[in-house]
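Visitor: Got structure-v1.txt for you, compact mmCIF, C-alpha atoms:
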```
# COMPACT_ATOMS: atom_id res chain seq x y z
CA MET A 1 35.01 110.12 15.65
CA ILE A 2 38.26 109.80 17.59
CA ARG A 3 40.07 113.02 18.39
CA PHE A 4 43.51 113.29 19.98
CA GLU A 5 44.32 116.69 21.46
CA LYS A 6 47.96 117.32 22.43
CA VAL A 7 48.31 113.78 23.85
CA ASN A 8 51.48 112.85 25.72
CA LYS A 9 52.52 109.63 27.42
CA THR A 10 55.70 109.47 29.49
CA TYR A 11 56.92 106.39 31.33
CA LEU A 12 58.71 107.41 34.50
CA GLY A 13 61.84 105.66 35.71
CA LYS A 14 65.56 106.16 36.12
CA LYS A 15 65.36 107.57 32.63
CA ASN A 16 61.97 108.92 31.57
CA VAL A 17 60.70 107.68 28.21
CA GLU A 18 58.46 109.91 26.11
CA ALA A 19 56.50 107.22 24.26
CA VAL A 20 53.94 109.64 22.77
CA ARG A 21 54.68 113.34 22.23
CA ASP A 22 52.13 116.06 21.51
CA VAL A 23 49.89 114.02 19.20
CA SER A 24 46.85 115.75 17.72
CA LEU A 25 44.83 113.71 15.22
CA THR A 26 41.25 113.24 14.10
CA ILE A 27 39.93 109.90 12.84
CA ASN A 28 36.58 110.24 11.11
CA ASP A 29 33.59 107.96 11.59
CA GLY A 30 33.64 104.95 9.32
CA GLU A 31 37.16 105.37 7.97
CA ILE A 32 40.13 103.04 8.15
CA PHE A 33 43.03 105.03 9.56
CA GLY A 34 46.58 103.66 9.62
CA ILE A 35 49.38 104.60 11.98
CA VAL A 36 52.79 103.48 10.71
CA GLY A 37 56.40 103.71 11.78
CA TYR A 38 59.36 101.61 12.81
CA SER A 39 59.56 99.72 16.13
CA GLY A 40 59.70 102.09 19.08
CA ALA A 41 57.89 104.88 17.25
CA GLY A 42 55.07 104.92 19.82
CA LYS A 43 52.36 103.33 17.66
CA SER A 44 51.20 100.63 20.07
CA THR A 45 51.26 102.99 23.04
CA LEU A 46 49.06 105.43 21.14
CA ILE A 47 46.44 102.83 20.28
CA ARG A 48 46.33 101.57 23.89
CA LEU A 49 45.58 105.10 25.02
CA VAL A 50 42.35 105.03 22.99
CA ASN A 51 40.73 102.41 25.23
CA GLN A 52 42.73 103.51 28.27
CA LEU A 53 44.75 100.33 28.66
CA GLU A 54 47.41 103.01 29.11
CA LYS A 55 46.69 106.35 30.78
CA VAL A 56 47.69 109.64 29.19
CA THR A 57 50.25 111.79 30.97
CA SER A 58 48.60 114.88 29.53
CA GLY A 59 46.16 115.82 26.79
CA HIS A 60 42.74 114.45 25.91
CA ILE A 61 41.20 111.74 23.71
CA TYR A 62 37.59 112.25 22.67
CA ILE A 63 35.41 109.47 21.29
CA ASN A 64 32.22 110.91 19.82
CA ASP A 65 32.76 114.02 22.00
CA VAL A 66 33.20 111.96 25.18
CA ASP A 67 36.56 112.56 26.89
CA ILE A 68 37.55 108.97 27.61
CA THR A 69 40.66 110.14 29.46
CA ALA A 70 38.39 111.63 32.14
CA LEU A 71 36.35 108.45 32.73
CA LYS A 72 36.80 105.93 35.53
CA GLY A 73 35.12 102.84 36.90
CA LYS A 74 31.71 101.95 35.48
CA GLU A 75 31.65 104.83 33.00
CA LEU A 76 34.99 103.74 31.52
CA ARG A 77 33.88 100.09 31.32
CA GLN A 78 30.73 101.11 29.47
CA GLU A 79 32.70 103.22 26.99
CA ARG A 80 35.17 100.37 26.42
CA GLN A 81 32.31 98.14 25.27
CA LYS A 82 32.08 100.38 22.20
CA ILE A 83 35.72 99.63 21.36
CA GLY A 84 36.89 96.25 20.03
CA MET A 85 40.56 95.29 19.83
CA ILE A 86 42.57 92.65 18.01
CA PHE A 87 46.23 91.84 18.62
CA GLN A 88 49.22 90.48 16.74
CA HIS A 89 49.25 87.22 18.70
CA PHE A 90 45.46 86.70 18.83
CA ASN A 91 45.14 86.45 22.67
CA LEU A 92 42.67 83.56 22.46
CA LEU A 93 41.60 81.32 25.33
CA TRP A 94 43.17 77.98 24.49
CA SER A 95 40.83 75.93 26.70
CA LYS A 96 37.74 77.23 24.89
CA THR A 97 36.40 76.36 21.44
CA VAL A 98 36.07 78.86 18.61
CA LEU A 99 32.42 79.42 19.52
CA GLU A 100 33.22 79.89 23.20
CA ASN A 101 36.04 82.31 22.41
CA ILE A 102 33.77 84.44 20.25
CA ALA A 103 31.02 84.38 22.87
CA PHE A 104 33.33 85.21 25.78
CA PRO A 105 32.70 89.00 25.85
CA LEU A 106 28.96 88.27 26.04
CA GLU A 107 29.57 85.79 28.86
CA ILE A 108 31.35 88.35 31.04
CA SER A 109 28.56 90.80 30.18
CA HIS A 110 26.13 88.26 31.73
CA ILE A 111 24.19 87.57 28.51
CA SER A 112 22.24 84.31 28.65
CA LYS A 113 24.00 81.24 27.26
CA LYS A 114 21.37 80.66 24.59
CA GLU A 115 21.57 84.23 23.31
CA ARG A 116 25.35 84.49 23.36
CA LEU A 117 25.89 81.20 21.55
CA ALA A 118 23.36 82.18 18.88
CA LYS A 119 25.14 85.51 18.35
CA ALA A 120 28.53 83.81 18.35
CA LYS A 121 27.40 81.34 15.66
CA ALA A 122 26.22 84.20 13.47
CA MET A 123 29.50 86.02 13.97
CA ALA A 124 31.51 82.87 13.20
CA GLU A 125 29.66 82.63 9.90
CA GLU A 126 30.34 86.32 9.25
CA VAL A 127 34.12 85.77 9.44
CA GLY A 128 34.12 82.47 7.53
CA LEU A 129 34.42 80.04 10.45
CA ALA A 130 30.99 78.39 10.47
CA ASP A 131 32.61 74.95 10.09
CA LYS A 132 35.14 75.56 12.90
CA ILE A 133 32.92 76.49 15.84
CA ASN A 134 33.75 73.36 17.87
CA VAL A 135 37.48 73.42 17.13
CA TYR A 136 40.08 74.56 19.69
CA PRO A 137 42.60 77.31 18.82
CA SER A 138 45.53 74.89 18.83
CA ASN A 139 44.04 73.24 15.73
CA LEU A 140 43.60 76.46 13.76
CA SER A 141 45.89 78.19 11.29
CA GLY A 142 47.18 81.68 12.02
CA GLY A 143 44.61 83.25 9.73
CA GLN A 144 41.78 81.31 11.34
CA LYS A 145 42.94 82.37 14.81
CA GLN A 146 42.89 86.00 13.72
CA ARG A 147 39.37 85.53 12.34
CA VAL A 148 38.30 84.28 15.76
CA ALA A 149 39.90 87.34 17.35
CA ILE A 150 38.08 89.62 14.89
CA ALA A 151 34.75 87.93 15.55
CA ARG A 152 35.28 88.21 19.31
CA ALA A 153 36.11 91.92 18.95
CA LEU A 154 32.92 92.51 16.93
CA ILE A 155 30.50 90.51 19.07
CA LEU A 156 29.50 93.54 21.18
CA ASN A 157 28.80 95.64 18.07
CA PRO A 158 31.52 98.22 18.76
CA ASP A 159 31.77 101.59 17.03
CA ILE A 160 35.56 101.32 16.83
CA LEU A 161 37.94 98.46 16.07
CA LEU A 162 41.57 98.81 17.15
CA CYS A 163 44.08 96.62 15.29
CA ASP A 164 47.55 96.36 16.83
CA GLU A 165 49.84 94.73 14.23
CA ALA A 166 46.95 92.40 13.41
CA THR A 167 48.58 90.94 10.28
CA SER A 168 52.32 91.06 11.03
CA ALA A 169 52.42 87.43 12.23
CA LEU A 170 50.70 86.13 9.09
CA ASP A 171 51.99 85.04 5.69
CA PRO A 172 51.28 87.29 2.66
CA LYS A 173 48.28 85.31 1.33
CA THR A 174 46.64 85.12 4.76
CA THR A 175 47.35 88.80 5.33
CA GLU A 176 45.55 89.58 2.07
CA ASP A 177 42.53 87.54 3.20
CA ILE A 178 42.37 89.23 6.62
CA LEU A 179 42.65 92.70 5.07
CA ASP A 180 39.81 91.85 2.67
CA LEU A 181 37.74 90.75 5.67
CA LEU A 182 38.45 93.97 7.59
CA LYS A 183 37.61 96.04 4.52
CA ARG A 184 34.30 94.21 4.11
CA ILE A 185 33.46 94.66 7.79
CA ASN A 186 34.25 98.37 7.54
CA GLN A 187 31.96 98.78 4.55
CA LYS A 188 29.13 96.62 5.91
CA TYR A 189 28.98 97.97 9.46
CA HIS A 190 30.50 101.43 8.88
CA ILE A 191 32.83 100.67 11.78
CA THR A 192 35.81 102.94 12.36
CA ILE A 193 39.09 101.00 12.20
CA LEU A 194 42.33 102.32 13.68
CA MET A 195 45.18 100.16 12.41
CA ILE A 196 48.71 100.09 13.84
CA THR A 197 51.32 98.53 11.55
CA HIS A 198 54.86 98.78 10.25
CA GLN A 199 53.78 97.22 6.95
CA MET A 200 53.27 99.95 4.36
CA GLU A 201 51.69 97.43 1.98
CA THR A 202 48.90 96.96 4.52
CA VAL A 203 48.24 100.68 4.77
CA GLN A 204 48.31 101.09 1.01
CA LYS A 205 45.72 98.41 0.43
CA ILE A 206 43.15 99.12 3.10
CA CYS A 207 43.45 102.57 4.70
CA HIS A 208 41.79 105.83 3.70
CA ARG A 209 44.24 108.04 5.61
CA LEU A 210 47.41 107.49 7.61
CA ALA A 211 49.82 109.08 10.04
CA VAL A 212 53.55 108.37 10.19
CA MET A 213 55.13 108.27 13.67
CA ALA A 214 58.75 108.61 14.77
CA ASP A 215 60.11 109.00 18.32
CA GLY A 216 56.59 109.27 19.73
CA ALA A 217 55.47 112.11 17.44
CA VAL A 218 53.34 112.25 14.30
CA ILE A 219 55.63 113.62 11.58
CA GLU A 220 53.24 113.41 8.63
CA SER A 221 49.53 112.78 8.10
CA ASP A 222 47.35 112.80 4.98
CA THR A 223 45.35 110.58 2.67
CA VAL A 224 47.07 107.35 1.62
CA GLU A 225 47.01 108.52 -1.97
CA ASN A 226 48.72 111.84 -1.21
CA ILE A 227 51.41 110.37 1.05
CA PHE A 228 52.34 107.59 -1.36
CA ALA A 229 52.35 109.97 -4.31
CA ASP A 230 54.20 112.82 -2.61
CA PRO A 231 55.81 111.97 0.76
CA LYS A 232 57.27 115.00 2.55
CA LYS A 233 59.48 113.54 5.29
CA GLU A 234 62.62 111.49 4.69
CA LEU A 235 61.38 108.65 6.94
CA THR A 236 58.12 108.45 4.99
CA LYS A 237 60.05 108.31 1.74
CA GLN A 238 62.15 105.42 3.06
CA LEU A 239 59.07 103.46 4.10
CA ILE A 240 57.34 104.00 0.77
CA GLN A 241 60.34 103.39 -1.48
CA THR A 242 60.83 99.93 0.01
CA VAL A 243 57.22 99.10 -0.90
CA ASP A 244 57.72 100.50 -4.42
CA THR A 245 60.83 98.51 -5.30
CA GLY A 246 61.42 95.84 -2.66
CA VAL A 247 65.00 97.12 -2.29
CA ASP A 248 66.86 99.98 -0.61
CA VAL A 249 66.41 102.85 -3.08
CA LYS A 250 69.41 104.78 -1.74
CA LYS A 251 71.70 101.80 -2.40
CA MET A 252 70.16 101.34 -5.83
CA ALA A 253 70.74 105.03 -6.66
CA LEU A 254 74.36 104.84 -5.46
CA SER A 255 75.02 101.74 -7.54
CA LEU A 256 73.60 103.40 -10.67
CA LYS A 257 75.55 106.58 -9.96
CA GLN A 258 78.79 104.63 -9.82
CA LYS A 259 77.99 102.89 -13.09
CA TYR A 260 76.64 106.01 -14.82
CA PRO A 261 78.24 109.12 -13.21
CA ASP A 262 76.13 111.54 -15.29
CA GLY A 263 72.88 109.67 -14.79
CA HIS A 264 69.85 110.33 -12.59
CA LEU A 265 67.23 108.18 -10.88
CA LEU A 266 63.65 109.48 -10.91
CA ARG A 267 60.52 108.37 -9.07
CA VAL A 268 57.48 108.89 -11.29
CA THR A 269 53.99 108.62 -9.78
CA PHE A 270 50.79 108.12 -11.79
CA GLU A 271 47.52 108.67 -9.94
CA LYS A 272 43.93 107.63 -10.72
CA ASP A 273 43.17 108.04 -14.46
CA ASN A 274 46.84 108.60 -15.38
CA SER A 275 47.74 105.15 -14.07
CA GLU A 276 45.60 103.55 -16.77
CA LYS A 277 46.74 105.69 -19.72
CA PRO A 278 49.89 105.39 -21.88
CA VAL A 279 51.12 108.75 -20.58
CA PHE A 280 54.73 107.72 -20.07
CA TYR A 281 54.97 106.05 -23.47
CA GLU A 282 53.58 109.17 -25.14
CA VAL A 283 56.09 111.43 -23.35
CA ILE A 284 59.25 109.45 -24.07
CA THR A 285 58.13 108.94 -27.68
CA LYS A 286 57.52 112.65 -28.13
CA LEU A 287 60.87 113.64 -26.60
CA ASN A 288 62.81 110.65 -27.98
CA ILE A 289 64.50 110.10 -24.62
CA PRO A 290 66.28 106.79 -23.90
CA ILE A 291 65.43 105.60 -20.40
CA ASN A 292 65.96 102.48 -18.29
CA ILE A 293 62.98 101.30 -16.23
CA VAL A 294 64.47 100.11 -12.94
CA SER A 295 61.22 99.24 -11.17
CA ALA A 296 57.49 99.65 -11.84
CA ASN A 297 54.23 98.61 -10.26
CA ILE A 298 50.58 99.60 -9.92
CA LYS A 299 48.88 99.29 -6.54
CA ASN A 300 45.19 99.57 -5.69
CA THR A 301 44.31 101.91 -2.82
CA GLN A 302 40.94 102.91 -1.36
CA ALA A 303 41.07 106.01 -3.60
CA GLY A 304 41.91 104.07 -6.78
CA ALA A 305 44.97 102.88 -8.69
CA LEU A 306 48.41 104.31 -7.95
CA GLY A 307 51.29 103.61 -10.33
CA VAL A 308 54.93 104.12 -9.34
CA MET A 309 57.91 103.82 -11.67
CA TYR A 310 61.64 104.28 -11.03
CA ILE A 311 63.53 105.24 -14.16
CA HIS A 312 67.21 105.86 -14.82
CA ILE A 313 68.38 108.43 -17.37
CA GLU A 314 72.02 108.51 -18.42
CA MET A 315 72.26 112.04 -19.85
CA ARG A 316 71.77 115.01 -17.51
CA GLN A 317 70.37 117.42 -20.09
CA GLU A 318 67.41 115.13 -20.74
CA ILE A 319 65.95 115.51 -17.24
CA ALA A 320 64.42 119.00 -17.47
CA PRO A 321 62.23 118.50 -20.58
CA LEU A 322 61.08 115.09 -19.33
CA ILE A 323 60.09 116.45 -15.91
CA GLU A 324 58.33 119.43 -17.50
CA GLU A 325 56.35 117.29 -19.92
CA LEU A 326 55.30 114.78 -17.24
CA GLN A 327 54.26 117.49 -14.79
CA ARG A 328 52.22 119.16 -17.52
CA ARG A 329 50.26 115.91 -17.71
CA GLU A 330 49.77 115.91 -13.90
CA VAL A 331 52.36 113.21 -13.26
CA LYS A 332 54.50 113.69 -10.15
CA VAL A 333 58.27 113.42 -10.54
CA GLU A 334 60.96 113.29 -7.86
CA VAL A 335 64.72 113.17 -8.52
CA ILE A 336 66.24 110.64 -6.10
```
Would you encode the structure as C-alpha cells?
Guide:
Amino acid sequence: MIRFEKVNKTYLGKKNVEAVRDVSLTINDGEIFGIVGYSGAGKSTLIRLVNQLEKVTSGHIYINDVDITALKGKELRQERQKIGMIFQHFNLLWSKTVLENIAFPLEISHISKKERLAKAKAMAEEVGLADKINVYPSNLSGGQKQRVAIARALILNPDILLCDEATSALDPKTTEDILDLLKRINQKYHITILMITHQMETVQKICHRLAVMADGAVIESDTVENIFADPKKELTKQLIQTVDTGVDVKKMALSLKQKYPDGHLLRVTFEKDNSEKPVFYEVITKLNIPINIVSANIKNTQAGALGVMYIHIEMRQEIAPLIEELQRREVKVEVI
C-alpha cells in the first residue's frame, strides 16, 4: 500500500513553485492506479516523491507502513529496491544489449554474472523479447525498448511499479500492446502499479482507480468507472469528453445550438449490464422521441463495459420525460 498524507513539494527560487499541494491518497496493494492531468499539473513530481528522487517539502509517504520520507542512506536504498520505475523515453544503456540492460540492476547489486544473466533471460521471455537478447537498443522499435525498460524494472521483483508517461511516446497499436503487458504483469505478480499519464484512454483501459490533478492538487479521485460515468469537476469532464467523442464537446454543443436554437445536447452513460441491453432503443420507442446520435462508443474498463452516447434533441419539452425514463432504468444523463 502507498499512502500520501498531506504531501507538499515546493521548488524554491526567485518565484516559489508549488508543484504538489496537500495531496492525500491511498493506493491499495495490487491495484493499477492512474494519476492524470494536463502538463504542469504536478503528476511527474508526485510520482518521483514515491521513490524519493524528489524530496517532500512537508507531509509523509508511507509504503507498507514504512515512512519512506524519513529514510536516508542504506535504508532508503534498500526500500528503493522494492520500487521499479519506467520512463517515457526508456532510459536504456545504448552500449549494452537487451540482456545486459535487463540484468543491469542485478549487476549493481553485485549478483553473480551467471545468476543475473539467467534471470535476465527469463525476464526477456516474460516480456516477449526472447529473440532480441543480443540486440542493441538502437535496433529496437519503441515498443521493444519499452519492453526492455519494463523487464529491467521488474528484475528485482519489486512490490511497486511506477510508470511515468510510459506509453505517450508510442503509437496507438504499440500502446495497446504495452498496456496489455502491464495488465498481465499486474495480474500475474499482484504488483501495484502507479501510472502517470495525460492519456485518458490509457487510464480507462487499464486502471482500477484514478486521481485527477490540477495545479499540484488532486481535484477528484474515484474508481475509473465512477469518474467516467459521472465526473464532478469541469476539468475532469473536459478530459473525458475528448475521449468520448474525439472532438471538443463545448464547440460541438455551440455549433448545434446555433443550428438548432431550441435543441439540447445530452451525454448518456450506460454502465455494466445496461451497456449490453437495448435500453436506449426501448426508451425512445416508448416515448416516440426523435433524436440525433452525435457520437457513441463502448469502452472496456477493469470494472466492465462502459457505453457513452451523445445525443441531440431539437424540442425542449422532450428532455424531461426522456431523462426521467432513462434514470429510472439506472442510466446516467447529463445536459451539456
Visitor: Work out how far atom CA of Thr174 of chain A is from atom CA of Cys207 of chain A, in Å to one decimal.
Guide: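 Separation of atom CA of Cys207 of chain A and atom CA of Thr174 of chain A: 17.7 Å.
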Visitor: Using all atoms listed in the file, collect all residues at a distance of at most 10 Å from (51.4, 112.7, -13.8) as written in the file, then present them as a PDB file with C-alpha atoms, in the coordinates of the input.
Guide:
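Okay, out-v5.pdb is ready:
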```pdb
ATOM      1  CA  ALA A 229      52.350 109.970  -4.310  1.00  0.00           C
ATOM      2  CA  VAL A 268      57.480 108.890 -11.290  1.00  0.00           C
ATOM      3  CA  THR A 269      53.990 108.620  -9.780  1.00  0.00           C
ATOM      4  CA  PHE A 270      50.790 108.120 -11.790  1.00  0.00           C
ATOM      5  CA  GLU A 271      47.520 108.670  -9.940  1.00  0.00           C
ATOM      6  CA  LYS A 272      43.930 107.630 -10.720  1.00  0.00           C
ATOM      7  CA  ASP A 273      43.170 108.040 -14.460  1.00  0.00           C
ATOM      8  CA  ASN A 274      46.840 108.600 -15.380  1.00  0.00           C
ATOM      9  CA  SER A 275      47.740 105.150 -14.070  1.00  0.00           C
ATOM     10  CA  VAL A 279      51.120 108.750 -20.580  1.00  0.00           C
ATOM     11  CA  PHE A 280      54.730 107.720 -20.070  1.00  0.00           C
ATOM     12  CA  GLY A 307      51.290 103.610 -10.330  1.00  0.00           C
ATOM     13  CA  ILE A 323      60.090 116.450 -15.910  1.00  0.00           C
ATOM     14  CA  GLU A 325      56.350 117.290 -19.920  1.00  0.00           C
ATOM     15  CA  LEU A 326      55.300 114.780 -17.240  1.00  0.00           C
ATOM     16  CA  GLN A 327      54.260 117.490 -14.790  1.00  0.00           C
ATOM     17  CA  ARG A 328      52.220 119.160 -17.520  1.00  0.00           C
ATOM     18  CA  ARG A 329      50.260 115.910 -17.710  1.00  0.00           C
ATOM     19  CA  GLU A 330      49.770 115.910 -13.900  1.00  0.00           C
ATOM     20  CA  VAL A 331      52.360 113.210 -13.260  1.00  0.00           C
ATOM     21  CA  LYS A 332      54.500 113.690 -10.150  1.00  0.00           C
ATOM     22  CA  VAL A 333      58.270 113.420 -10.540  1.00  0.00           C
TER      23      VAL A 333
END
```
Visitor: List the residues sitting within 9 Å of (71.2, 110.5, -12.9) in the file's frame, using all atoms listed in the file, as a list in words.
Guide: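 Neighbouring residues, ordered by chain and number, come to Ala253, Leu256, Lys257, Tyr260, Pro261, Asp262, Gly263, His264, Leu265, Leu266, His312, Ile313, Glu314, Met315, Arg316, Ile319, Val335 and Ile336 of chain A.
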Visitor: Compare A:Arg80, A:Arg152, A:Lys145, A:Lys299 by their minimum atom-to-atom distance to Glu225 of chain A, counting all atoms listed in the file, and give me the closest one.
Guide: A:Lys299
Visitor: Enclose the full set of atoms of segment 215-220 of chain A listed in the file within a box whose edges lie along x, y and z, apply 6 Å of padding to each of the six sides, and report centre and edge lengths in Å to one decimal as lines of an AutoDock Vina configuration file.
Guide:
```
center_x = 56.7
center_y = 111.3
center_z = 14.2
size_x = 18.9
size_y = 16.6
size_z = 23.1
```
Visitor: Within 9 Å of Ala151 of chain A, counting all atoms listed in the file, which residues show up once you throw out same-chain ones fewer than 6 positions away? Write them as a list in words, please.
Guide: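 Once the nearby chain positions are removed, what remains is Asn101, Ile102, Ala103, Ala120, Met123, Ala124, Glu126 and Val127 of chain A.
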Visitor: Which of these, A:Leu71, A:Met85, A:Val135, A:Ile219, has the shortest distance to Asp22 of chain A once you count all atoms listed in the file?
Guide: A:Ile219
Visitor: Please report the interatomic distance between atom CA of Val243 of chain A and atom CA of Asp177 of chain A in Å with one decimal.
Guide: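 Rounded to one decimal, the two atoms are 19.1 Å apart.
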Visitor: Complete segment 293-307 of chain A with N, CA, C and O atoms (output as a PDB file, in the coordinates of the input).
Guide:
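Result saved to part39.pdb:
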```pdb
ATOM      1  N   ILE A 293      63.969 101.491 -17.294  1.00  0.00           N
ATOM      2  CA  ILE A 293      62.980 101.300 -16.230  1.00  0.00           C
ATOM      3  C   ILE A 293      63.591 100.360 -15.199  1.00  0.00           C
ATOM      4  O   ILE A 293      63.851  99.185 -15.474  1.00  0.00           O
ATOM      5  N   VAL A 294      63.839 100.881 -14.001  1.00  0.00           N
ATOM      6  CA  VAL A 294      64.470 100.110 -12.940  1.00  0.00           C
ATOM      7  C   VAL A 294      63.431  99.293 -12.168  1.00  0.00           C
ATOM      8  O   VAL A 294      63.645  98.145 -11.801  1.00  0.00           O
ATOM      9  N   SER A 295      62.282  99.907 -11.922  1.00  0.00           N
ATOM     10  CA  SER A 295      61.220  99.240 -11.170  1.00  0.00           C
ATOM     11  C   SER A 295      59.893  99.888 -11.526  1.00  0.00           C
ATOM     12  O   SER A 295      59.832 101.095 -11.784  1.00  0.00           O
ATOM     13  N   ALA A 296      58.809  99.101 -11.541  1.00  0.00           N
ATOM     14  CA  ALA A 296      57.490  99.650 -11.840  1.00  0.00           C
ATOM     15  C   ALA A 296      56.406  98.763 -11.259  1.00  0.00           C
ATOM     16  O   ALA A 296      56.523  97.534 -11.281  1.00  0.00           O
ATOM     17  N   ASN A 297      55.378  99.379 -10.724  1.00  0.00           N
ATOM     18  CA  ASN A 297      54.230  98.610 -10.260  1.00  0.00           C
ATOM     19  C   ASN A 297      53.001  99.509 -10.154  1.00  0.00           C
ATOM     20  O   ASN A 297      53.111 100.735 -10.107  1.00  0.00           O
ATOM     21  N   ILE A 298      51.836  98.888 -10.143  1.00  0.00           N
ATOM     22  CA  ILE A 298      50.580  99.600  -9.920  1.00  0.00           C
ATOM     23  C   ILE A 298      49.900  98.949  -8.717  1.00  0.00           C
ATOM     24  O   ILE A 298      49.722  97.732  -8.672  1.00  0.00           O
ATOM     25  N   LYS A 299      49.534  99.767  -7.737  1.00  0.00           N
ATOM     26  CA  LYS A 299      48.880  99.290  -6.540  1.00  0.00           C
ATOM     27  C   LYS A 299      47.462  99.857  -6.470  1.00  0.00           C
ATOM     28  O   LYS A 299      47.212 100.985  -6.902  1.00  0.00           O
ATOM     29  N   ASN A 300      46.552  99.079  -5.901  1.00  0.00           N
ATOM     30  CA  ASN A 300      45.190  99.570  -5.690  1.00  0.00           C
ATOM     31  C   ASN A 300      45.056 100.087  -4.262  1.00  0.00           C
ATOM     32  O   ASN A 300      45.398  99.403  -3.303  1.00  0.00           O
ATOM     33  N   THR A 301      44.579 101.322  -4.124  1.00  0.00           N
ATOM     34  CA  THR A 301      44.310 101.910  -2.820  1.00  0.00           C
ATOM     35  C   THR A 301      42.800 102.145  -2.709  1.00  0.00           C
ATOM     36  O   THR A 301      42.050 101.942  -3.679  1.00  0.00           O
ATOM     37  N   GLN A 302      42.357 102.610  -1.540  1.00  0.00           N
ATOM     38  CA  GLN A 302      40.940 102.910  -1.360  1.00  0.00           C
ATOM     39  C   GLN A 302      40.489 104.002  -2.330  1.00  0.00           C
ATOM     40  O   GLN A 302      39.327 104.055  -2.723  1.00  0.00           O
ATOM     41  N   ALA A 303      41.422 104.884  -2.722  1.00  0.00           N
ATOM     42  CA  ALA A 303      41.070 106.010  -3.600  1.00  0.00           C
ATOM     43  C   ALA A 303      41.210 105.656  -5.076  1.00  0.00           C
ATOM     44  O   ALA A 303      40.858 106.451  -5.941  1.00  0.00           O
ATOM     45  N   GLY A 304      41.726 104.464  -5.395  1.00  0.00           N
ATOM     46  CA  GLY A 304      41.910 104.070  -6.780  1.00  0.00           C
ATOM     47  C   GLY A 304      43.329 103.590  -7.041  1.00  0.00           C
ATOM     48  O   GLY A 304      44.109 103.392  -6.120  1.00  0.00           O
ATOM     49  N   ALA A 305      43.659 103.415  -8.312  1.00  0.00           N
ATOM     50  CA  ALA A 305      44.970 102.880  -8.690  1.00  0.00           C
ATOM     51  C   ALA A 305      46.057 103.927  -8.512  1.00  0.00           C
ATOM     52  O   ALA A 305      45.849 105.123  -8.719  1.00  0.00           O
ATOM     53  N   LEU A 306      47.239 103.449  -8.117  1.00  0.00           N
ATOM     54  CA  LEU A 306      48.410 104.310  -7.950  1.00  0.00           C
ATOM     55  C   LEU A 306      49.594 103.605  -8.591  1.00  0.00           C
ATOM     56  O   LEU A 306      49.981 102.520  -8.169  1.00  0.00           O
ATOM     57  N   GLY A 307      50.151 104.210  -9.637  1.00  0.00           N
ATOM     58  CA  GLY A 307      51.290 103.610 -10.330  1.00  0.00           C
ATOM     59  C   GLY A 307      52.577 104.322  -9.959  1.00  0.00           C
ATOM     60  O   GLY A 307      52.622 105.554  -9.903  1.00  0.00           O
TER      61      GLY A 307
END
```
